[in-house]
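K.L.:
Coordinates in protein.cif, mmCIF, C-alpha atoms, are listed below.
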```cif
data_data
loop_
_atom_site.group_PDB
_atom_site.id
_atom_site.type_symbol
_atom_site.label_atom_id
_atom_site.label_comp_id
_atom_site.auth_asym_id
_atom_site.auth_seq_id
_atom_site.Cartn_x
_atom_site.Cartn_y
_atom_site.Cartn_z
ATOM 1 C CA ALA A 56 158.699 105.880 43.059
ATOM 2 C CA GLN A 57 160.285 102.532 43.554
ATOM 3 C CA SER A 58 158.413 99.504 44.806
ATOM 4 C CA VAL A 59 158.842 95.772 45.145
ATOM 5 C CA THR A 60 156.272 93.001 44.910
ATOM 6 C CA GLN A 61 156.953 89.508 46.158
ATOM 7 C CA LEU A 62 154.376 87.023 44.956
ATOM 8 C CA GLY A 63 153.534 84.411 47.548
ATOM 9 C CA SER A 64 153.926 85.108 51.236
ATOM 10 C CA HIS A 65 154.559 81.391 51.885
ATOM 11 C CA VAL A 66 156.243 78.841 49.657
ATOM 12 C CA SER A 67 156.629 75.182 50.574
ATOM 13 C CA VAL A 68 158.948 72.783 48.740
ATOM 14 C CA SER A 69 160.276 69.314 49.360
ATOM 15 C CA GLU A 70 163.910 68.791 50.202
ATOM 16 C CA GLY A 71 165.824 68.445 46.927
ATOM 17 C CA ALA A 72 163.202 70.307 44.885
ATOM 18 C CA LEU A 73 163.674 73.536 42.968
ATOM 19 C CA VAL A 74 163.197 76.745 44.910
ATOM 20 C CA LEU A 75 161.669 79.695 43.042
ATOM 21 C CA LEU A 76 160.847 82.915 44.896
ATOM 22 C CA ARG A 77 159.361 85.690 42.804
ATOM 23 C CA CYS A 78 160.186 89.387 42.896
ATOM 24 C CA ASN A 79 158.994 92.159 40.603
ATOM 25 C CA TYR A 80 160.029 95.773 40.898
ATOM 26 C CA SER A 81 158.907 99.091 39.556
ATOM 27 C CA SER A 82 161.456 101.719 38.726
ATOM 28 C CA SER A 83 161.879 104.163 35.886
ATOM 29 C CA VAL A 84 165.501 103.172 35.385
ATOM 30 C CA PRO A 85 167.236 99.857 36.021
ATOM 31 C CA PRO A 86 167.762 99.745 39.753
ATOM 32 C CA TYR A 87 170.085 97.952 42.076
ATOM 33 C CA LEU A 88 168.392 94.809 43.369
ATOM 34 C CA PHE A 89 169.068 92.682 46.408
ATOM 35 C CA TRP A 90 167.910 89.505 48.045
ATOM 36 C CA TYR A 91 168.245 89.185 51.804
ATOM 37 C CA VAL A 92 167.532 86.183 54.016
ATOM 38 C CA GLN A 93 166.387 86.142 57.620
ATOM 39 C CA TYR A 94 166.821 82.952 59.615
ATOM 40 C CA PRO A 95 164.687 82.520 62.736
ATOM 41 C CA ASN A 96 165.573 84.971 65.500
ATOM 42 C CA GLN A 97 168.293 86.629 63.457
ATOM 43 C CA GLY A 98 168.789 89.830 61.528
ATOM 44 C CA LEU A 99 168.836 90.009 57.747
ATOM 45 C CA GLN A 100 171.878 89.009 55.754
ATOM 46 C CA LEU A 101 172.682 89.504 52.099
ATOM 47 C CA LEU A 102 172.202 86.594 49.706
ATOM 48 C CA LEU A 103 173.110 88.394 46.489
ATOM 49 C CA LYS A 104 172.867 91.694 44.647
ATOM 50 C CA TYR A 105 172.501 92.974 41.087
ATOM 51 C CA THR A 106 174.351 96.161 40.170
ATOM 52 C CA SER A 107 174.055 96.335 36.359
ATOM 53 C CA ALA A 108 176.867 93.962 35.537
ATOM 54 C CA ALA A 109 175.985 90.354 34.664
ATOM 55 C CA THR A 110 172.240 89.731 34.625
ATOM 56 C CA LEU A 111 172.640 86.318 36.264
ATOM 57 C CA VAL A 112 173.887 86.819 39.779
ATOM 58 C CA LYS A 113 175.208 84.054 41.996
ATOM 59 C CA GLY A 114 174.961 84.327 45.736
ATOM 60 C CA ILE A 115 175.722 82.347 48.838
ATOM 61 C CA ASN A 116 174.398 78.875 49.663
ATOM 62 C CA GLY A 117 173.754 77.962 46.011
ATOM 63 C CA PHE A 118 171.175 80.686 45.346
ATOM 64 C CA GLU A 119 171.101 82.734 42.180
ATOM 65 C CA ALA A 120 168.846 85.359 40.619
ATOM 66 C CA GLU A 121 168.356 86.670 37.115
ATOM 67 C CA PHE A 122 167.632 90.296 36.296
ATOM 68 C CA LYS A 123 165.100 90.542 33.460
ATOM 69 C CA LYS A 124 164.516 94.128 32.444
ATOM 70 C CA SER A 125 161.696 93.304 30.017
ATOM 71 C CA GLU A 126 159.772 91.573 32.804
ATOM 72 C CA THR A 127 160.951 93.899 35.609
ATOM 73 C CA SER A 128 161.737 90.774 37.582
ATOM 74 C CA PHE A 129 164.514 89.481 39.799
ATOM 75 C CA HIS A 130 163.405 85.990 40.812
ATOM 76 C CA LEU A 131 165.506 83.944 43.237
ATOM 77 C CA THR A 132 166.209 80.283 42.505
ATOM 78 C CA LYS A 133 168.069 77.330 43.926
ATOM 79 C CA PRO A 134 168.185 74.001 42.081
ATOM 80 C CA SER A 135 167.880 71.787 45.146
ATOM 81 C CA ALA A 136 166.376 72.880 48.464
ATOM 82 C CA HIS A 137 167.988 71.959 51.741
ATOM 83 C CA MET A 138 166.334 71.893 55.133
ATOM 84 C CA SER A 139 168.646 74.707 56.236
ATOM 85 C CA ASP A 140 167.129 76.990 53.582
ATOM 86 C CA ALA A 141 163.973 77.391 55.641
ATOM 87 C CA ALA A 142 163.831 81.121 56.350
ATOM 88 C CA GLU A 143 162.164 84.332 55.254
ATOM 89 C CA TYR A 144 163.444 85.945 52.078
ATOM 90 C CA PHE A 145 163.193 89.617 51.188
ATOM 91 C CA CYS A 146 163.702 91.282 47.836
ATOM 92 C CA ALA A 147 164.813 94.916 47.941
ATOM 93 C CA VAL A 148 165.392 97.681 45.411
ATOM 94 C CA ARG A 149 167.340 100.895 45.252
ATOM 95 C CA SER A 150 166.329 103.037 42.325
ATOM 96 C CA MET A 151 169.064 105.285 41.005
ATOM 97 C CA ASP A 152 166.739 107.915 39.571
ATOM 98 C CA THR A 153 165.921 109.285 42.999
ATOM 99 C CA GLY A 154 168.114 110.659 45.721
ATOM 100 C CA ARG A 155 166.806 108.051 48.122
ATOM 101 C CA ARG A 156 169.690 106.239 49.807
ATOM 102 C CA ALA A 157 167.545 103.649 51.526
ATOM 103 C CA LEU A 158 166.382 100.335 50.163
ATOM 104 C CA THR A 159 162.709 99.560 49.638
ATOM 105 C CA PHE A 160 161.831 96.040 50.693
ATOM 106 C CA GLY A 161 159.146 93.644 49.582
ATOM 107 C CA SER A 162 156.741 92.015 52.004
ATOM 108 C CA GLY A 163 158.797 88.844 52.256
ATOM 109 C CA THR A 164 158.341 85.171 51.377
ATOM 110 C CA ARG A 165 158.596 82.497 54.024
ATOM 111 C CA LEU A 166 160.151 79.335 52.631
ATOM 112 C CA GLN A 167 159.297 75.988 54.205
ATOM 113 C CA VAL A 168 161.286 72.907 53.268
ATOM 114 C CA GLN A 169 159.560 69.588 53.852
ATOM 115 C CA PRO A 170 161.605 66.440 54.474
ATOM 116 C CA ASP B 247 183.158 91.796 60.040
ATOM 117 C CA VAL B 248 180.925 94.807 60.378
ATOM 118 C CA LYS B 249 178.894 94.619 63.489
ATOM 119 C CA VAL B 250 175.622 96.378 64.193
ATOM 120 C CA THR B 251 174.527 96.028 67.780
ATOM 121 C CA GLN B 252 171.068 96.787 69.057
ATOM 122 C CA SER B 253 171.086 97.275 72.789
ATOM 123 C CA SER B 254 167.827 95.560 73.661
ATOM 124 C CA ARG B 255 166.638 92.306 72.160
ATOM 125 C CA TYR B 256 163.238 92.338 73.853
ATOM 126 C CA LEU B 257 161.374 95.196 75.507
ATOM 127 C CA VAL B 258 157.954 95.452 77.090
ATOM 128 C CA LYS B 259 156.606 98.946 77.664
ATOM 129 C CA ARG B 260 153.306 100.519 78.622
ATOM 130 C CA THR B 261 151.198 102.854 76.515
ATOM 131 C CA GLY B 262 152.404 106.422 76.859
ATOM 132 C CA GLU B 263 155.937 105.560 77.949
ATOM 133 C CA LYS B 264 158.929 107.098 76.217
ATOM 134 C CA VAL B 265 161.040 104.395 74.593
ATOM 135 C CA PHE B 266 164.631 104.536 73.406
ATOM 136 C CA LEU B 267 166.055 101.969 71.010
ATOM 137 C CA GLU B 268 169.804 102.173 70.617
ATOM 138 C CA CYS B 269 171.951 101.023 67.726
ATOM 139 C CA VAL B 270 175.740 101.085 67.448
ATOM 140 C CA GLN B 271 177.925 100.147 64.483
ATOM 141 C CA ASP B 272 181.663 99.662 64.617
ATOM 142 C CA MET B 273 182.791 100.188 61.018
ATOM 143 C CA ASP B 274 182.633 103.940 60.592
ATOM 144 C CA HIS B 275 179.620 103.795 58.254
ATOM 145 C CA GLU B 276 178.114 107.112 57.222
ATOM 146 C CA ASN B 277 174.561 105.847 56.748
ATOM 147 C CA MET B 278 172.331 104.352 59.387
ATOM 148 C CA PHE B 279 168.721 103.260 59.107
ATOM 149 C CA TRP B 280 165.768 102.240 61.243
ATOM 150 C CA TYR B 281 163.178 99.868 59.803
ATOM 151 C CA ARG B 282 160.228 98.182 61.400
ATOM 152 C CA GLN B 283 159.277 94.657 60.399
ATOM 153 C CA ASP B 284 155.691 93.415 60.572
ATOM 154 C CA PRO B 285 154.249 90.141 59.246
ATOM 155 C CA GLY B 286 152.950 90.534 55.722
ATOM 156 C CA LEU B 287 154.333 94.053 55.408
ATOM 157 C CA GLY B 288 158.033 93.341 55.168
ATOM 158 C CA LEU B 289 160.425 96.063 56.253
ATOM 159 C CA ARG B 290 159.304 99.680 56.232
ATOM 160 C CA LEU B 291 161.715 102.567 56.603
ATOM 161 C CA ILE B 292 161.130 104.833 59.582
ATOM 162 C CA TYR B 293 164.124 107.198 59.465
ATOM 163 C CA PHE B 294 167.650 107.255 58.200
ATOM 164 C CA SER B 295 170.734 109.333 58.758
ATOM 165 C CA TYR B 296 173.602 109.977 56.359
ATOM 166 C CA ASP B 297 175.804 111.926 58.732
ATOM 167 C CA VAL B 298 176.090 113.044 62.309
ATOM 168 C CA LYS B 299 173.130 115.233 63.282
ATOM 169 C CA MET B 300 171.540 114.662 59.853
ATOM 170 C CA LYS B 301 168.311 112.760 59.468
ATOM 171 C CA GLU B 302 165.648 112.156 56.874
ATOM 172 C CA LYS B 303 162.161 110.801 57.210
ATOM 173 C CA GLY B 304 161.400 107.454 55.718
ATOM 174 C CA ASP B 305 158.039 106.069 54.741
ATOM 175 C CA ILE B 306 156.443 105.814 58.204
ATOM 176 C CA PRO B 307 158.009 108.447 60.508
ATOM 177 C CA GLU B 308 154.843 109.361 62.413
ATOM 178 C CA GLY B 309 155.183 108.714 66.124
ATOM 179 C CA TYR B 310 158.964 108.373 65.956
ATOM 180 C CA SER B 311 162.011 110.570 66.192
ATOM 181 C CA VAL B 312 165.722 109.851 65.932
ATOM 182 C CA SER B 313 169.013 111.129 67.230
ATOM 183 C CA ARG B 314 172.502 110.832 65.823
ATOM 184 C CA GLU B 315 174.983 112.706 67.984
ATOM 185 C CA LYS B 316 177.913 110.412 67.167
ATOM 186 C CA LYS B 317 178.724 108.659 63.928
ATOM 187 C CA GLU B 318 178.541 105.186 65.396
ATOM 188 C CA ARG B 319 175.243 105.575 67.261
ATOM 189 C CA PHE B 320 171.709 106.008 65.952
ATOM 190 C CA SER B 321 168.815 106.104 68.386
ATOM 191 C CA LEU B 322 165.135 105.625 67.674
ATOM 192 C CA ILE B 323 162.751 107.343 70.065
ATOM 193 C CA LEU B 324 159.090 106.683 70.623
ATOM 194 C CA GLU B 325 157.918 109.800 72.440
ATOM 195 C CA SER B 326 154.688 108.209 73.667
ATOM 196 C CA ALA B 327 154.461 104.532 72.877
ATOM 197 C CA SER B 328 151.204 103.169 71.510
ATOM 198 C CA THR B 329 150.027 99.609 71.000
ATOM 199 C CA ASN B 330 150.281 99.944 67.222
ATOM 200 C CA GLN B 331 154.022 100.414 67.635
ATOM 201 C CA THR B 332 154.376 96.843 68.839
ATOM 202 C CA SER B 333 156.796 95.461 66.273
ATOM 203 C CA MET B 334 160.276 94.237 65.466
ATOM 204 C CA TYR B 335 162.688 97.122 64.934
ATOM 205 C CA LEU B 336 165.748 96.612 62.784
ATOM 206 C CA CYS B 337 168.755 98.899 62.624
ATOM 207 C CA ALA B 338 171.115 98.801 59.642
ATOM 208 C CA SER B 339 174.136 100.658 58.330
ATOM 209 C CA ASN B 340 176.217 100.983 55.198
ATOM 210 C CA PRO B 341 178.978 103.192 53.847
ATOM 211 C CA THR B 342 178.423 105.900 51.279
ATOM 212 C CA GLY B 343 180.016 104.881 48.006
ATOM 213 C CA ALA B 344 180.074 105.949 44.393
ATOM 214 C CA SER B 345 178.159 102.919 43.209
ATOM 215 C CA GLY B 346 175.231 103.296 45.541
ATOM 216 C CA ALA B 347 175.023 99.537 45.846
ATOM 217 C CA ASN B 348 176.593 99.242 49.227
ATOM 218 C CA VAL B 349 175.151 96.416 51.184
ATOM 219 C CA LEU B 350 173.192 97.029 54.353
ATOM 220 C CA THR B 351 174.431 95.302 57.490
ATOM 221 C CA PHE B 352 171.633 94.621 59.947
ATOM 222 C CA GLY B 353 171.465 94.238 63.681
ATOM 223 C CA ALA B 354 169.654 91.288 65.247
ATOM 224 C CA GLY B 355 166.561 93.376 65.947
ATOM 225 C CA SER B 356 164.670 94.696 68.953
ATOM 226 C CA ARG B 357 161.253 93.236 69.562
ATOM 227 C CA LEU B 358 159.075 95.822 71.269
ATOM 228 C CA THR B 359 155.746 95.022 72.882
ATOM 229 C CA VAL B 360 153.567 97.927 74.001
ATOM 230 C CA LEU B 361 150.823 96.987 76.459
#
```
Please rewrite the model in this file as structure tokens.

P.N.:
Amino acid sequence: AQSVTQLGSHVSVSEGALVLLRCNYSSSVPPYLFWYVQYPNQGLQLLLKYTSAATLVKGINGFEAEFKKSETSFHLTKPSAHMSDAAEYFCAVRSMDTGRRALTFGSGTRLQVQP
Amino acid sequence: DVKVTQSSRYLVKRTGEKVFLECVQDMDHENMFWYRQDPGLGLRLIYFSYDVKMKEKGDIPEGYSVSREKKERFSLILESASTNQTSMYLCASNPTGASGANVLTFGAGSRLTVL
């Protein structure tokens, strides 16, 4: 079975500081991995995805994530936080060793950016 | 741009009422999904459909049913609403593809309150 763990339900950073949101997955084979963002009162939108090509994936708005098989991790980073980054972030996995077409999501991390 | 439209943004219903949540997508996607989003729990899959009249249970199908009579429309039905079904409901769709990494496009959500 596939699962996703996001460490830290709330993360607070200062504007201009590094953003690090943690995601660990469990899957018997390397999965497809996604990060989605949800701004207040909106639906989810894709930030980036890993599909077994380059392990360092660049997404929108300056975010990137690195797939580390040995650590079963896919942490999201951004070098310098902006006020507009305040949102909830979800990591999701699709394991290719099952017939399941749906993504499994983590519990989410709410990012606060302090001025 | 792919658009996923959920018919009701906010609904208030009474315990025992039958509730219909409608979702329409305009890009001919084969797959459609219903998730519910609760604080601290992330998104949990209720049902999904990979073709007209086809459906599969997700992780929390109890108390829900679905209908997909046309490719573009996927309805979530609460036969007898209960207070523990108060939640945000998110519809999503994506195409079927060889890679399996097709991105989900989400609607804006339907916030249901059951009194």

K.L.:
Mind pulling up the distance from atom CA of Gly343 of chain B to atom CA of Glu315 of chain B?

P.N.:
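Between atom CA of Glu315 of chain B and atom CA of Gly343 of chain B the gap is 22.0 Å.
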
K.L.:
Taking the file above as input, evaluate the PyMOL selection byres ((chain B and resi 322-327) around 8) and report the hits as an mmCIF file with C-alpha atoms, keeping the file's coordinate frame.

P.N.:
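Saved file result_7.cif follows:
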```
data_model
loop_
_atom_site.group_PDB
_atom_site.id
_atom_site.type_symbol
_atom_site.label_atom_id
_atom_site.label_comp_id
_atom_site.auth_asym_id
_atom_site.auth_seq_id
_atom_site.Cartn_x
_atom_site.Cartn_y
_atom_site.Cartn_z
ATOM 1 C CA LYS B 259 156.606 98.946 77.664
ATOM 2 C CA ARG B 260 153.306 100.519 78.622
ATOM 3 C CA THR B 261 151.198 102.854 76.515
ATOM 4 C CA GLY B 262 152.404 106.422 76.859
ATOM 5 C CA GLU B 263 155.937 105.560 77.949
ATOM 6 C CA LYS B 264 158.929 107.098 76.217
ATOM 7 C CA VAL B 265 161.040 104.395 74.593
ATOM 8 C CA PHE B 266 164.631 104.536 73.406
ATOM 9 C CA LEU B 267 166.055 101.969 71.010
ATOM 10 C CA GLU B 268 169.804 102.173 70.617
ATOM 11 C CA TRP B 280 165.768 102.240 61.243
ATOM 12 C CA GLY B 309 155.183 108.714 66.124
ATOM 13 C CA TYR B 310 158.964 108.373 65.956
ATOM 14 C CA SER B 311 162.011 110.570 66.192
ATOM 15 C CA VAL B 312 165.722 109.851 65.932
ATOM 16 C CA SER B 313 169.013 111.129 67.230
ATOM 17 C CA PHE B 320 171.709 106.008 65.952
ATOM 18 C CA SER B 321 168.815 106.104 68.386
ATOM 19 C CA SER B 328 151.204 103.169 71.510
ATOM 20 C CA THR B 329 150.027 99.609 71.000
ATOM 21 C CA GLN B 331 154.022 100.414 67.635
ATOM 22 C CA VAL B 360 153.567 97.927 74.001
#
```

K.L.:
Pick from A:Thr110, A:Gln93, A:Ser139, A:Ser69: nearest to Lys124 of chain A, with only C-alpha atoms counted?

P.N.:
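Closest to Lys124 of chain A, using only C-alpha atoms: A:Thr110.
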
K.L.:
Do you know which residues the PyMOL selection byres ((chain A) within 12 of (chain B)) returns on this file, as a PDB file with C-alpha atoms, in the frame of the given file?

P.N.:
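Saved to expr_7.pdb:
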```
ATOM      1  CA  ALA A  56     158.699 105.880  43.059  1.00  0.00           C
ATOM      2  CA  GLN A  57     160.285 102.532  43.554  1.00  0.00           C
ATOM      3  CA  SER A  58     158.413  99.504  44.806  1.00  0.00           C
ATOM      4  CA  VAL A  59     158.842  95.772  45.145  1.00  0.00           C
ATOM      5  CA  THR A  60     156.272  93.001  44.910  1.00  0.00           C
ATOM      6  CA  GLN A  61     156.953  89.508  46.158  1.00  0.00           C
ATOM      7  CA  LEU A  62     154.376  87.023  44.956  1.00  0.00           C
ATOM      8  CA  GLY A  63     153.534  84.411  47.548  1.00  0.00           C
ATOM      9  CA  SER A  64     153.926  85.108  51.236  1.00  0.00           C
ATOM     10  CA  HIS A  65     154.559  81.391  51.885  1.00  0.00           C
ATOM     11  CA  PRO A  86     167.762  99.745  39.753  1.00  0.00           C
ATOM     12  CA  TYR A  87     170.085  97.952  42.076  1.00  0.00           C
ATOM     13  CA  LEU A  88     168.392  94.809  43.369  1.00  0.00           C
ATOM     14  CA  PHE A  89     169.068  92.682  46.408  1.00  0.00           C
ATOM     15  CA  TRP A  90     167.910  89.505  48.045  1.00  0.00           C
ATOM     16  CA  TYR A  91     168.245  89.185  51.804  1.00  0.00           C
ATOM     17  CA  VAL A  92     167.532  86.183  54.016  1.00  0.00           C
ATOM     18  CA  GLN A  93     166.387  86.142  57.620  1.00  0.00           C
ATOM     19  CA  TYR A  94     166.821  82.952  59.615  1.00  0.00           C
ATOM     20  CA  PRO A  95     164.687  82.520  62.736  1.00  0.00           C
ATOM     21  CA  ASN A  96     165.573  84.971  65.500  1.00  0.00           C
ATOM     22  CA  GLN A  97     168.293  86.629  63.457  1.00  0.00           C
ATOM     23  CA  GLY A  98     168.789  89.830  61.528  1.00  0.00           C
ATOM     24  CA  LEU A  99     168.836  90.009  57.747  1.00  0.00           C
ATOM     25  CA  GLN A 100     171.878  89.009  55.754  1.00  0.00           C
ATOM     26  CA  LEU A 101     172.682  89.504  52.099  1.00  0.00           C
ATOM     27  CA  LEU A 102     172.202  86.594  49.706  1.00  0.00           C
ATOM     28  CA  LEU A 103     173.110  88.394  46.489  1.00  0.00           C
ATOM     29  CA  LYS A 104     172.867  91.694  44.647  1.00  0.00           C
ATOM     30  CA  TYR A 105     172.501  92.974  41.087  1.00  0.00           C
ATOM     31  CA  THR A 106     174.351  96.161  40.170  1.00  0.00           C
ATOM     32  CA  SER A 107     174.055  96.335  36.359  1.00  0.00           C
ATOM     33  CA  ALA A 108     176.867  93.962  35.537  1.00  0.00           C
ATOM     34  CA  GLU A 143     162.164  84.332  55.254  1.00  0.00           C
ATOM     35  CA  TYR A 144     163.444  85.945  52.078  1.00  0.00           C
ATOM     36  CA  PHE A 145     163.193  89.617  51.188  1.00  0.00           C
ATOM     37  CA  CYS A 146     163.702  91.282  47.836  1.00  0.00           C
ATOM     38  CA  ALA A 147     164.813  94.916  47.941  1.00  0.00           C
ATOM     39  CA  VAL A 148     165.392  97.681  45.411  1.00  0.00           C
ATOM     40  CA  ARG A 149     167.340 100.895  45.252  1.00  0.00           C
ATOM     41  CA  SER A 150     166.329 103.037  42.325  1.00  0.00           C
ATOM     42  CA  MET A 151     169.064 105.285  41.005  1.00  0.00           C
ATOM     43  CA  ASP A 152     166.739 107.915  39.571  1.00  0.00           C
ATOM     44  CA  THR A 153     165.921 109.285  42.999  1.00  0.00           C
ATOM     45  CA  GLY A 154     168.114 110.659  45.721  1.00  0.00           C
ATOM     46  CA  ARG A 155     166.806 108.051  48.122  1.00  0.00           C
ATOM     47  CA  ARG A 156     169.690 106.239  49.807  1.00  0.00           C
ATOM     48  CA  ALA A 157     167.545 103.649  51.526  1.00  0.00           C
ATOM     49  CA  LEU A 158     166.382 100.335  50.163  1.00  0.00           C
ATOM     50  CA  THR A 159     162.709  99.560  49.638  1.00  0.00           C
ATOM     51  CA  PHE A 160     161.831  96.040  50.693  1.00  0.00           C
ATOM     52  CA  GLY A 161     159.146  93.644  49.582  1.00  0.00           C
ATOM     53  CA  SER A 162     156.741  92.015  52.004  1.00  0.00           C
ATOM     54  CA  GLY A 163     158.797  88.844  52.256  1.00  0.00           C
ATOM     55  CA  THR A 164     158.341  85.171  51.377  1.00  0.00           C
ATOM     56  CA  ARG A 165     158.596  82.497  54.024  1.00  0.00           C
TER      57      ARG A 165
END
```

K.L.:
Applying the PyMOL selection byres ((chain A and resi 130-132) around 7) to the file I just gave you, which residues come out? Please list them as an mmCIF file with C-alpha atoms, in the frame of the given file.

P.N.:
```cif
data_model
loop_
_atom_site.group_PDB
_atom_site.id
_atom_site.type_symbol
_atom_site.label_atom_id
_atom_site.label_comp_id
_atom_site.auth_asym_id
_atom_site.auth_seq_id
_atom_site.Cartn_x
_atom_site.Cartn_y
_atom_site.Cartn_z
ATOM 1 C CA VAL A 74 163.197 76.745 44.910
ATOM 2 C CA LEU A 75 161.669 79.695 43.042
ATOM 3 C CA LEU A 76 160.847 82.915 44.896
ATOM 4 C CA ARG A 77 159.361 85.690 42.804
ATOM 5 C CA CYS A 78 160.186 89.387 42.896
ATOM 6 C CA PHE A 118 171.175 80.686 45.346
ATOM 7 C CA GLU A 119 171.101 82.734 42.180
ATOM 8 C CA ALA A 120 168.846 85.359 40.619
ATOM 9 C CA GLU A 121 168.356 86.670 37.115
ATOM 10 C CA SER A 128 161.737 90.774 37.582
ATOM 11 C CA PHE A 129 164.514 89.481 39.799
ATOM 12 C CA LYS A 133 168.069 77.330 43.926
ATOM 13 C CA PRO A 134 168.185 74.001 42.081
#
```

K.L.:
Could you please determine the separation between atom CA of Ser67 of chain A and atom CA of Gln167 of chain A in Å, to one decimal place?

P.N.:
4.6 Å

K.L.:
Quote the spacing between atom CA of Ser125 of chain A and atom CA of Leu166 of chain A in Å to one decimal place.

P.N.:
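Atom-to-atom, atom CA of Ser125 of chain A to atom CA of Leu166 of chain A, that is 26.6 Å.
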
K.L.:
Which residue, B:Ile306, B:Met273, B:Ile292, B:Met334, has the smallest gap to Leu257 of chain B when you use only C-alpha atoms?

P.N.:
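Using only C-alpha atoms, Leu257 of chain B sits closest to B:Met334.
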
K.L.:
With distances taken over only C-alpha atoms, which of A:Ile115, A:Val84, A:Met138, A:Val168 is nearest to Val68 of chain A?

P.N.:
A:Val168

K.L.:
Residues near Lys316 of chain B, anyone? I mean within 10 Å using all atoms listed in the file, not counting same-chain ones fewer than 5 positions away, as an mmCIF file with C-alpha atoms, in the coordinates of the input.

P.N.:
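Here's the written file result10.cif:
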```
data_model
loop_
_atom_site.group_PDB
_atom_site.id
_atom_site.type_symbol
_atom_site.label_atom_id
_atom_site.label_comp_id
_atom_site.auth_asym_id
_atom_site.auth_seq_id
_atom_site.Cartn_x
_atom_site.Cartn_y
_atom_site.Cartn_z
ATOM 1 C CA VAL B 270 175.740 101.085 67.448
ATOM 2 C CA ASP B 297 175.804 111.926 58.732
ATOM 3 C CA VAL B 298 176.090 113.044 62.309
ATOM 4 C CA LYS B 299 173.130 115.233 63.282
#
```
